[in-house]
file query_36.cif (mmCIF, C-alpha atoms)
data_structure
loop_
_atom_site.label_atom_id
_atom_site.label_comp_id
_atom_site.auth_asym_id
_atom_site.auth_seq_id
_atom_site.Cartn_x
_atom_site.Cartn_y
_atom_site.Cartn_z
CA MET A 71 84.37 126.31 118.43
CA PRO A 72 82.60 123.70 120.58
CA SER A 73 81.97 124.51 124.22
CA ASP A 74 82.93 121.00 125.28
CA ASP A 75 84.98 118.16 123.82
CA MET A 76 82.68 115.19 124.37
CA PRO A 77 82.28 114.71 120.60
CA PHE A 78 86.04 114.37 120.33
CA LEU A 79 86.30 111.99 123.29
CA ARG A 80 83.71 109.88 121.48
CA HIS A 81 86.25 109.14 118.75
CA LEU A 82 88.85 108.07 121.31
CA ARG A 83 86.36 105.72 122.94
CA LEU A 84 85.40 104.22 119.57
CA CYS A 85 89.07 103.47 118.92
CA ASN A 86 89.61 101.90 122.36
CA THR A 87 86.89 99.26 122.58
CA ALA A 88 89.16 96.27 123.25
CA VAL A 89 88.81 94.53 126.62
CA VAL A 90 91.23 91.72 127.44
CA PRO A 91 91.18 88.86 127.81
CA GLY A 92 87.49 88.97 126.89
CA ASP A 93 86.97 86.00 124.57
CA ARG A 94 90.63 86.02 123.48
CA PHE A 95 93.55 83.99 124.76
CA PRO A 96 97.02 85.26 125.72
CA PHE A 97 99.82 84.69 123.22
CA SER A 98 103.53 84.79 123.98
CA LEU A 99 106.33 84.96 121.45
CA GLY A 100 109.88 83.97 122.28
CA GLY A 101 108.90 83.68 125.94
CA LYS A 102 107.38 87.17 126.22
CA PRO A 103 103.70 88.22 126.27
CA ALA A 104 102.96 89.58 122.81
CA GLY A 105 99.29 89.42 121.86
CA TRP A 106 95.82 87.95 122.14
CA ILE A 107 94.60 85.03 120.06
CA ASP A 108 91.26 85.41 118.31
CA PRO A 109 88.79 82.54 118.87
CA ALA A 110 88.68 82.07 115.09
CA ILE A 111 92.17 80.54 115.10
CA ALA A 112 92.30 79.05 118.60
CA ASP A 113 91.32 75.52 117.56
CA ARG A 114 93.79 75.64 114.68
CA LEU A 115 96.64 76.67 116.98
CA GLU A 116 95.71 73.86 119.36
CA GLN A 117 96.10 71.46 116.42
CA GLU A 118 99.57 72.93 115.85
CA GLY A 119 100.45 72.09 119.45
CA LEU A 120 100.95 75.74 120.38
CA GLY A 121 98.80 75.72 123.51
CA SER A 122 95.18 75.61 124.56
CA ARG A 123 92.23 77.82 125.30
CA ALA A 124 92.65 77.00 128.99
CA LYS A 125 96.34 77.92 129.29
CA GLY A 126 96.93 80.29 126.38
CA PHE A 127 99.21 79.96 123.38
CA ALA A 128 102.94 80.34 122.80
CA LEU A 129 105.44 80.18 119.96
CA ALA A 130 108.92 79.61 121.34
CA ASN A 131 110.76 80.39 118.10
CA PRO A 132 109.68 83.78 116.68
CA ALA A 133 111.23 82.90 113.32
CA GLU A 134 108.39 80.41 112.78
CA LEU A 135 105.66 83.07 112.95
CA GLU A 136 105.87 84.08 109.28
CA ALA A 137 105.33 80.52 108.04
CA LEU A 138 102.46 80.04 110.50
CA GLY A 139 100.81 83.18 109.16
CA GLU A 140 101.20 81.97 105.57
CA LYS A 141 99.64 78.63 106.47
CA LEU A 142 96.62 80.34 108.04
CA ALA A 143 96.15 82.49 104.93
CA GLN A 144 96.30 79.45 102.64
CA GLU A 145 93.68 77.75 104.79
CA GLY A 146 91.36 80.76 104.49
CA PHE A 147 91.53 82.18 108.01
CA TYR A 148 92.34 85.63 106.62
CA ARG A 149 93.01 87.33 103.31
CA SER A 150 96.72 87.92 102.81
CA HIS A 151 97.95 91.46 102.10
CA HIS A 152 101.19 90.05 100.68
CA GLU A 153 103.04 92.55 102.83
CA LEU A 154 105.14 91.60 105.84
CA PHE A 155 105.19 93.66 109.02
CA ASP A 156 107.75 93.50 111.80
CA VAL A 157 106.43 92.04 115.04
CA MET A 158 107.48 93.35 118.45
CA THR A 159 106.20 92.10 121.78
CA ASP A 160 105.15 95.57 122.93
CA LEU A 161 105.70 99.30 122.70
CA ASP A 162 109.35 100.33 122.19
CA GLN A 163 110.52 96.72 122.00
CA PRO A 164 112.73 95.42 119.16
CA ALA A 165 111.27 93.48 116.26
CA ILE A 166 111.70 89.73 116.77
CA ALA A 167 109.51 88.28 114.00
CA ARG A 168 107.58 89.02 110.83
CA ILE A 169 104.08 88.18 109.66
CA ASP A 170 101.66 89.26 106.94
CA ARG A 171 99.89 92.45 108.05
CA GLY A 172 96.51 90.78 107.53
CA ALA A 173 97.29 88.26 110.29
CA LEU A 174 98.22 90.82 112.95
CA PRO A 175 94.65 91.29 114.30
CA LEU A 176 94.09 87.52 114.61
CA PHE A 177 97.08 87.34 116.93
CA GLY A 178 96.35 90.70 118.60
CA LEU A 179 99.89 91.85 117.80
CA VAL A 180 101.12 95.44 117.85
CA ALA A 181 101.19 97.16 114.45
CA ILE A 182 102.84 100.43 113.45
CA GLY A 183 101.49 103.03 111.04
CA VAL A 184 102.27 106.55 109.85
CA HIS A 185 99.86 109.45 109.24
CA MET A 186 100.78 112.81 107.76
CA ASN A 187 98.84 116.06 107.99
CA GLY A 188 99.35 117.80 104.64
CA LEU A 189 98.95 121.46 105.61
CA VAL A 190 98.83 124.68 103.59
CA ARG A 191 99.20 128.07 105.25
CA LYS A 192 97.12 130.78 103.54
CA SER A 193 96.38 134.40 104.41
CA ASP A 194 93.05 133.38 105.98
CA GLY A 195 94.39 130.45 108.03
CA LEU A 196 95.42 126.83 107.85
CA TYR A 197 94.10 124.34 105.32
CA LEU A 198 94.38 120.54 105.25
CA TRP A 199 94.58 118.25 102.25
CA THR A 200 92.24 115.28 102.63
CA GLY A 201 91.80 112.21 100.46
CA ARG A 202 88.68 110.17 99.73
CA ARG A 203 89.46 106.46 100.03
CA ALA A 204 88.76 104.36 96.93
CA ARG A 205 85.44 102.49 96.99
CA ASN A 206 87.23 99.16 96.50
CA LYS A 207 89.37 99.47 99.64
CA ARG A 208 88.83 96.53 101.97
CA LEU A 209 88.94 98.80 105.04
CA ASP A 210 86.56 101.77 105.35
CA PRO A 211 85.96 102.31 101.61
CA GLY A 212 84.86 105.81 100.62
CA LYS A 213 85.81 107.39 103.95
CA LEU A 214 87.83 110.59 104.21
CA ASP A 215 91.50 110.04 104.95
CA HIS A 216 94.80 111.82 105.36
CA LEU A 217 96.80 112.95 102.36
CA VAL A 218 99.37 110.30 103.29
CA ALA A 219 98.88 107.34 105.64
CA GLY A 220 99.85 103.70 105.75
CA GLY A 221 101.44 100.83 107.59
CA VAL A 222 105.16 100.44 108.25
CA PRO A 223 106.44 97.42 106.29
CA ALA A 224 109.02 95.05 107.70
CA GLY A 225 112.51 96.47 107.74
CA HIS A 226 111.34 100.09 107.48
CA SER A 227 111.42 102.88 110.04
CA PRO A 228 108.33 105.12 110.32
CA ALA A 229 110.23 107.90 108.51
CA GLU A 230 111.17 105.55 105.66
CA ALA A 231 107.60 104.30 105.39
CA LEU A 232 106.36 107.89 105.24
CA LEU A 233 108.58 108.66 102.25
CA LYS A 234 107.30 105.52 100.50
CA GLU A 235 103.64 106.30 101.19
CA ALA A 236 104.03 109.96 100.21
CA ALA A 237 105.28 108.96 96.76
CA GLU A 238 102.68 106.22 96.27
CA GLU A 239 99.59 107.95 97.63
CA ALA A 240 100.04 111.60 96.66
CA SER A 241 103.05 111.76 94.28
CA ILE A 242 105.06 113.77 96.83
CA GLY A 243 108.73 113.50 95.95
CA PRO A 244 111.37 112.61 98.55
CA GLU A 245 112.81 116.13 98.61
CA LEU A 246 109.49 117.65 99.69
CA ALA A 247 108.43 114.73 101.90
CA ALA A 248 111.73 114.93 103.79
CA HIS A 249 110.51 118.22 105.32
CA ALA A 250 107.75 116.39 107.22
CA LYS A 251 108.24 116.69 110.99
CA GLU A 252 107.31 114.00 113.47
CA VAL A 253 104.91 115.57 115.96
CA GLY A 254 103.66 112.74 118.14
CA ARG A 255 102.65 109.14 118.69
CA ILE A 256 99.13 107.81 119.26
CA LEU A 257 98.17 104.49 120.89
CA TYR A 258 94.86 102.61 120.82
CA ALA A 259 93.33 99.13 120.79
CA LEU A 260 89.94 98.32 119.31
CA ASN A 261 87.79 95.43 118.20
CA ARG A 262 87.38 95.25 114.44
CA PRO A 263 85.73 92.65 112.17
CA GLU A 264 89.23 91.48 111.25
CA GLY A 265 90.23 91.02 114.91
CA LEU A 266 92.03 93.01 117.59
CA ARG A 267 93.79 96.15 116.36
CA ARG A 268 96.59 97.29 118.71
CA ASP A 269 98.16 100.20 116.88
CA ILE A 270 100.94 102.72 117.25
CA LEU A 271 100.56 105.69 114.90
CA TYR A 272 103.50 108.00 114.26
CA CYS A 273 102.15 111.42 113.28
CA TYR A 274 103.79 113.96 110.98
CA ASP A 275 103.09 117.49 109.75
CA LEU A 276 104.17 118.65 106.32
CA PHE A 277 103.58 122.25 105.23
CA LEU A 278 103.01 122.34 101.49
CA PRO A 279 103.19 125.25 99.05
CA GLU A 280 99.90 126.72 97.83
CA SER A 281 100.80 125.57 94.33
CA PHE A 282 100.95 121.90 95.39
CA GLU A 283 98.40 119.56 93.81
CA PRO A 284 98.40 115.90 94.97
CA VAL A 285 98.12 113.13 92.40
CA ALA A 286 97.14 109.61 93.44
CA ALA A 287 99.74 107.18 92.11
CA ASP A 288 98.54 103.84 93.50
CA GLY A 289 94.77 103.94 92.97
CA GLU A 290 93.97 103.86 96.70
CA VAL A 291 92.51 107.40 96.73
CA GLU A 292 89.72 108.47 94.39
CA SER A 293 89.97 112.24 94.98
CA PHE A 294 91.63 114.96 97.05
CA SER A 295 90.19 118.09 98.66
CA LEU A 296 91.81 121.10 100.31
CA MET A 297 89.71 122.04 103.35
CA LYS A 298 89.91 124.88 105.85
CA LEU A 299 91.04 123.44 109.19
CA GLU A 300 87.97 124.79 111.02
CA ASP A 301 85.76 122.90 108.54
CA VAL A 302 87.74 119.72 109.19
CA LEU A 303 87.19 120.24 112.92
CA ALA A 304 83.43 120.49 112.37
CA LEU A 305 83.43 117.23 110.40
CA VAL A 306 85.36 115.41 113.13
CA ARG A 307 83.18 116.91 115.85
CA ASP A 308 79.84 116.21 114.22
CA THR A 309 80.26 113.20 111.88
CA ASP A 310 82.02 109.91 111.20
CA GLU A 311 83.11 110.94 107.71
CA PHE A 312 86.78 110.23 108.42
CA LYS A 313 88.32 106.76 108.71
CA PHE A 314 88.23 105.73 112.37
CA ASN A 315 91.88 106.34 113.31
CA VAL A 316 92.26 109.49 111.21
CA ASN A 317 89.99 111.23 113.71
CA LEU A 318 92.58 110.67 116.44
CA VAL A 319 95.43 112.20 114.43
CA LEU A 320 93.24 115.18 113.59
CA ILE A 321 92.26 115.69 117.23
CA ASP A 322 95.97 115.81 118.06
CA LEU A 323 96.38 118.42 115.32
CA PHE A 324 93.49 120.51 116.70
CA LEU A 325 95.02 120.39 120.18
CA ARG A 326 98.44 121.49 118.95
CA HIS A 327 96.98 124.41 116.99
CA GLY A 328 94.57 125.55 119.71
CA LEU A 329 91.30 124.69 117.96
CA ILE A 330 90.66 122.55 121.04
CA ASP A 331 91.99 124.14 124.24
CA PRO A 332 94.83 121.82 125.35
CA HIS A 333 94.75 123.29 128.88
CA SER A 334 91.08 122.58 129.52
CA ALA A 335 90.04 119.48 131.46
CA GLU A 336 88.71 117.98 128.25
CA GLY A 337 91.87 118.88 126.34
CA ARG A 338 94.05 117.21 128.96
CA ALA A 339 91.85 114.10 128.84
CA LEU A 340 92.22 113.98 125.07
CA GLN A 341 95.99 114.39 125.23
CA ASN A 342 96.32 111.62 127.81
CA GLY A 343 94.02 109.29 125.88
CA LEU A 344 95.90 109.81 122.63
CA ALA A 345 99.33 109.32 124.19
CA ARG A 346 98.50 106.30 126.36
CA GLY A 347 95.35 104.74 124.93
CA LEU A 348 92.11 104.16 126.83
CA SER A 349 91.97 100.40 126.39
CA PRO A 350 93.77 97.93 128.68
CA ALA A 351 94.96 96.26 125.47
CA SER A 352 96.65 99.40 124.15
CA PRO A 353 100.37 99.03 123.43
CA GLY A 354 102.40 99.75 126.54
CA LYS A 355 99.70 98.59 128.98
CA GLU A 356 100.40 95.68 131.31
CA HIS A 357 99.35 92.31 129.92
CA VAL A 358 96.66 90.30 131.62
CA THR A 359 97.99 86.79 132.16
CA VAL A 360 96.15 83.52 132.66
CA PRO A 361 97.51 81.21 135.37
CA ALA A 362 98.97 77.91 134.16
#
call {"tool": "encode", "arguments": {"input": "query_36.cif", "output": "structure tokens"}}
result
Amino acid sequence: MPSDDMPFLRHLRLCNTAVVPGDRFPFSLGGKPAGWIDPAIADRLEQEGLGSRAKGFALANPAELEALGEKLAQEGFYRSHHELFDVMTDLDQPAIARIDRGALPLFGLVAIGVHMNGLVRKSDGLYLWTGRRARNKRLDPGKLDHLVAGGVPAGHSPAEALLKEAAEEASIGPELAAHAKEVGRILYALNRPEGLRRDILYCYDLFLPESFEPVAADGEVESFSLMKLEDVLALVRDTDEFKFNVNLVLIDLFLRHGLIDPHSAEGRALQNGLARGLSPASPGKEHVTVPA
């Protein structure tokens, strides 16, 4: 067990690199602050009459966001995922629009995902099922990942999305997946090549029988491994083998199971950083506004 948690705080810092406004421009939706416009689309939005770099951008009618996103994809500003996500102005706010998930980072909009720790309790301790991401994945190909993880499509709750992803990614039927328990929520905001990621991750634990063997159903995972939880901790502590945000969900797991002391100064810092985010752009943080 490490004597300090700086290696774990490193992962939180790497997932909270966003500084706003930085080179981005504020974006409001339906009259409420909602995101941050990437410079890559700023000129195009000026052409649409949606604002300016000097004063920021706004879309008065949220229902028009989906069509705007489609237009940007057709013009080559991003590669469409052909999957709509609900858009909310901030943490715990209702969905007021939809847009292709690939466009979310260009607008700096909040996105919701689900991650599930697939756990097995054996006589010698806890084990975790991990997946190796397919080499053709557009995001972090070949990295280690959770047994089940994914975005929350439009019209779905996190729990509904979890059932969908469990079936698609690991062939876990709804009867077994329904036993997954929500254990927390993680916030962060980071700069990525695709833009500004402002994410809310809903985390789940599912205890699986020793006889369980995952089967990839959608081709997004190339292999699965069952690893002792202490070995997973060493990988998170010492390497970047896991996909960037998976590290955060695993740190939460280590804290809850005492592999990292949650009562230490470092443990408290980790808990606070996971729950609130370290970036000023994290969901739930006050927006920085630009005077008119």
call {"tool": "closest_atom_pairs", "arguments": {"input": "query_36.cif", "of": "region 78-142 of chain A", "to": "region 333-342 of chain A", "cutoff": "10 Å", "atoms": "all atoms listed in the file", "output": "CSV"}}
result
residue,atom,partner,partner_atom,distance
A:Phe78,CA,A:Leu340,CA,7.8
A:Leu79,CA,A:Leu340,CA,6.5
A:His81,CA,A:Leu340,CA,10.0
A:Leu82,CA,A:Leu340,CA,7.8
call {"tool": "closest_atom_pairs", "arguments": {"input": "query_36.cif", "of": "region 275-337 of chain A", "to": "region 236-254 of chain A", "cutoff": "10 Å", "atoms": "only C-alpha atoms", "output": "JSON lines"}}
result
{"residue": "A:Asp275", "atom": "CA", "partner": "A:Lys251", "partner_atom": "CA", "distance": 5.4}
{"residue": "A:Leu276", "atom": "CA", "partner": "A:Ala250", "partner_atom": "CA", "distance": 4.3}
{"residue": "A:Phe277", "atom": "CA", "partner": "A:Ala250", "partner_atom": "CA", "distance": 7.5}
{"residue": "A:Leu278", "atom": "CA", "partner": "A:Leu246", "partner_atom": "CA", "distance": 8.2}
{"residue": "A:Pro279", "atom": "CA", "partner": "A:Leu246", "partner_atom": "CA", "distance": 9.9}
{"residue": "A:Phe282", "atom": "CA", "partner": "A:Ile242", "partner_atom": "CA", "distance": 9.2}
{"residue": "A:Glu283", "atom": "CA", "partner": "A:Ala240", "partner_atom": "CA", "distance": 8.6}
{"residue": "A:Pro284", "atom": "CA", "partner": "A:Ala240", "partner_atom": "CA", "distance": 4.9}
{"residue": "A:Val285", "atom": "CA", "partner": "A:Ala240", "partner_atom": "CA", "distance": 4.9}
{"residue": "A:Ala286", "atom": "CA", "partner": "A:Ala240", "partner_atom": "CA", "distance": 4.8}
{"residue": "A:Ala287", "atom": "CA", "partner": "A:Glu238", "partner_atom": "CA", "distance": 5.2}
{"residue": "A:Asp288", "atom": "CA", "partner": "A:Glu238", "partner_atom": "CA", "distance": 5.5}
{"residue": "A:Gly289", "atom": "CA", "partner": "A:Glu239", "partner_atom": "CA", "distance": 7.8}
{"residue": "A:Glu290", "atom": "CA", "partner": "A:Glu239", "partner_atom": "CA", "distance": 7.0}
{"residue": "A:Val291", "atom": "CA", "partner": "A:Glu239", "partner_atom": "CA", "distance": 7.2}
{"residue": "A:Phe294", "atom": "CA", "partner": "A:Ala240", "partner_atom": "CA", "distance": 9.1}
{"residue": "A:Val319", "atom": "CA", "partner": "A:Gly254", "partner_atom": "CA", "distance": 9.0}
{"residue": "A:Asp322", "atom": "CA", "partner": "A:Gly254", "partner_atom": "CA", "distance": 8.3}
{"residue": "A:Leu323", "atom": "CA", "partner": "A:Val253", "partner_atom": "CA", "distance": 9.0}
{"residue": "A:Arg326", "atom": "CA", "partner": "A:Val253", "partner_atom": "CA", "distance": 9.3}
call {"tool": "resolve_selection", "arguments": {"input": "query_36.cif", "expression": "the PyMOL selection byres ((chain A and resi 255-260) around 6)", "output": "NGL selection string"}}
result
:A and (85-88 or 254 or 261 or 266-273 or 344-347 or 349 or 351-352)
call {"tool": "atom_distance", "arguments": {"input": "query_36.cif", "atom1": "CA of Ala128 (chain A)", "atom2": "CA of Gly105 (chain A)"}}
result
9.8 Å
call {"tool": "residues_around", "arguments": {"input": "query_36.cif", "residues": "Pro96 (chain A)", "least_positions_apart": "3", "cutoff": "10 Å", "atoms": "all atoms listed in the file", "output": "number ranges by chain"}}
result
A: 90-91, 103-108, 121-128, 177-178, 357-360
call {"tool": "atom_distance", "arguments": {"input": "query_36.cif", "atom1": "CA of Arg83 (chain A)", "atom2": "CA of Leu348 (chain A)"}}
result
7.1 Å
call {"tool": "closest_residue", "arguments": {"input": "query_36.cif", "among": "A:Leu299, A:Leu233, A:Leu320, A:Ile330", "to": "Val190 (chain A)", "atoms": "all atoms listed in the file"}}
result
A:Leu299
call {"tool": "resolve_selection", "arguments": {"input": "query_36.cif", "expression": "the PyMOL selection byres ((chain A and resi 195-209) around 7)", "output": "PyMOL selection string"}}
result
chain A and resi 187-194+210-217+290-299
call {"tool": "atom_distance", "arguments": {"input": "query_36.cif", "atom1": "CA of Glu235 (chain A)", "atom2": "CA of Val222 (chain A)"}}
result
9.3 Å
call {"tool": "closest_residue", "arguments": {"input": "query_36.cif", "among": "A:Glu116, A:Leu84, A:Ile166, A:Pro353", "to": "Asn315 (chain A)", "atoms": "all atoms listed in the file"}}
result
A:Leu84
call {"tool": "residues_near_point", "arguments": {"input": "query_36.cif", "point": "(97.9, 84.9, 108.7)", "cutoff": "9 Å", "atoms": "all atoms listed in the file", "output": "VMD selection string"}}
result
chain A and resid 136 to 144 146 to 150 169 to 174 176 to 177
call {"tool": "closest_residue", "arguments": {"input": "query_36.cif", "among": "A:Asn317, A:Gln117, A:Thr159, A:Ser227", "to": "Ala304 (chain A)", "atoms": "all atoms listed in the file"}}
result
A:Asn317
call {"tool": "closest_residue", "arguments": {"input": "query_36.cif", "among": "A:Ile111, A:Leu129, A:Leu99, A:Val218", "to": "His185 (chain A)", "atoms": "all atoms listed in the file"}}
result
A:Val218
call {"tool": "build_atoms", "arguments": {"input": "query_36.cif", "residues": "region 159-180 of chain A", "atoms": "N, CA, C and O atoms", "output": "mmCIF file, in the frame of the given file"}}
result
data_model
loop_
_atom_site.group_PDB
_atom_site.id
_atom_site.type_symbol
_atom_site.label_atom_id
_atom_site.label_comp_id
_atom_site.auth_asym_id
_atom_site.auth_seq_id
_atom_site.Cartn_x
_atom_site.Cartn_y
_atom_site.Cartn_z
ATOM 1 N N THR A 159 107.069 92.583 120.707
ATOM 2 C CA THR A 159 106.200 92.100 121.780
ATOM 3 C C THR A 159 105.403 93.216 122.423
ATOM 4 O O THR A 159 104.345 92.967 122.993
ATOM 5 N N ASP A 160 105.886 94.449 122.342
ATOM 6 C CA ASP A 160 105.150 95.570 122.930
ATOM 7 C C ASP A 160 105.783 96.880 122.495
ATOM 8 O O ASP A 160 106.771 96.906 121.751
ATOM 9 N N LEU A 161 105.236 97.952 123.013
ATOM 10 C CA LEU A 161 105.700 99.300 122.700
ATOM 11 C C LEU A 161 107.190 99.452 123.004
ATOM 12 O O LEU A 161 107.669 99.038 124.068
ATOM 13 N N ASP A 162 107.923 100.014 122.046
ATOM 14 C CA ASP A 162 109.350 100.330 122.190
ATOM 15 C C ASP A 162 110.227 99.099 122.359
ATOM 16 O O ASP A 162 111.361 99.207 122.837
ATOM 17 N N GLN A 163 109.711 97.931 121.972
ATOM 18 C CA GLN A 163 110.520 96.720 122.000
ATOM 19 C C GLN A 163 111.053 96.425 120.600
ATOM 20 O O GLN A 163 110.465 96.835 119.601
ATOM 21 N N PRO A 164 112.175 95.715 120.485
ATOM 22 C CA PRO A 164 112.730 95.420 119.160
ATOM 23 C C PRO A 164 111.878 94.409 118.404
ATOM 24 O O PRO A 164 111.157 93.601 119.008
ATOM 25 N N ALA A 165 111.959 94.458 117.091
ATOM 26 C CA ALA A 165 111.270 93.480 116.260
ATOM 27 C C ALA A 165 111.947 92.120 116.401
ATOM 28 O O ALA A 165 113.171 92.018 116.324
ATOM 29 N N ILE A 166 111.140 91.075 116.620
ATOM 30 C CA ILE A 166 111.700 89.730 116.770
ATOM 31 C C ILE A 166 111.108 88.737 115.778
ATOM 32 O O ILE A 166 111.521 87.579 115.738
ATOM 33 N N ALA A 167 110.147 89.172 114.959
ATOM 34 C CA ALA A 167 109.510 88.280 114.000
ATOM 35 C C ALA A 167 108.868 89.105 112.899
ATOM 36 O O ALA A 167 108.860 90.344 112.950
ATOM 37 N N ARG A 168 108.331 88.386 111.907
ATOM 38 C CA ARG A 168 107.580 89.020 110.830
ATOM 39 C C ARG A 168 106.337 88.195 110.532
ATOM 40 O O ARG A 168 106.320 86.982 110.725
ATOM 41 N N ILE A 169 105.294 88.873 110.055
ATOM 42 C CA ILE A 169 104.080 88.180 109.660
ATOM 43 C C ILE A 169 103.323 89.074 108.683
ATOM 44 O O ILE A 169 103.504 90.300 108.684
ATOM 45 N N ASP A 170 102.481 88.473 107.850
ATOM 46 C CA ASP A 170 101.660 89.260 106.940
ATOM 47 C C ASP A 170 100.765 90.197 107.749
ATOM 48 O O ASP A 170 100.198 89.805 108.781
ATOM 49 N N ARG A 171 100.650 91.447 107.276
ATOM 50 C CA ARG A 171 99.890 92.450 108.050
ATOM 51 C C ARG A 171 98.443 92.026 108.276
ATOM 52 O O ARG A 171 97.834 92.389 109.270
ATOM 53 N N GLY A 172 97.887 91.226 107.370
ATOM 54 C CA GLY A 172 96.510 90.780 107.530
ATOM 55 C C GLY A 172 96.301 89.847 108.701
ATOM 56 O O GLY A 172 95.185 89.693 109.195
ATOM 57 N N ALA A 173 97.388 89.203 109.181
ATOM 58 C CA ALA A 173 97.290 88.260 110.290
ATOM 59 C C ALA A 173 97.431 88.940 111.643
ATOM 60 O O ALA A 173 97.081 88.348 112.674
ATOM 61 N N LEU A 174 97.948 90.151 111.676
ATOM 62 C CA LEU A 174 98.220 90.820 112.950
ATOM 63 C C LEU A 174 96.998 90.856 113.877
ATOM 64 O O LEU A 174 97.112 90.542 115.071
ATOM 65 N N PRO A 175 95.802 91.227 113.394
ATOM 66 C CA PRO A 175 94.650 91.290 114.300
ATOM 67 C C PRO A 175 94.230 89.934 114.859
ATOM 68 O O PRO A 175 93.695 89.862 115.964
ATOM 69 N N LEU A 176 94.450 88.850 114.107
ATOM 70 C CA LEU A 176 94.090 87.520 114.610
ATOM 71 C C LEU A 176 94.947 87.123 115.799
ATOM 72 O O LEU A 176 94.508 86.371 116.674
ATOM 73 N N PHE A 177 96.177 87.612 115.822
ATOM 74 C CA PHE A 177 97.080 87.340 116.930
ATOM 75 C C PHE A 177 97.083 88.471 117.970
ATOM 76 O O PHE A 177 97.747 88.362 119.001
ATOM 77 N N GLY A 178 96.376 89.555 117.686
ATOM 78 C CA GLY A 178 96.350 90.700 118.600
ATOM 79 C C GLY A 178 97.725 91.314 118.791
ATOM 80 O O GLY A 178 98.049 91.816 119.876
ATOM 81 N N LEU A 179 98.522 91.334 117.732
ATOM 82 C CA LEU A 179 99.890 91.850 117.800
ATOM 83 C C LEU A 179 99.931 93.340 117.509
ATOM 84 O O LEU A 179 99.088 93.879 116.783
ATOM 85 N N VAL A 180 100.935 94.008 118.059
ATOM 86 C CA VAL A 180 101.120 95.440 117.850
ATOM 87 C C VAL A 180 101.483 95.704 116.393
ATOM 88 O O VAL A 180 102.299 94.990 115.795
#
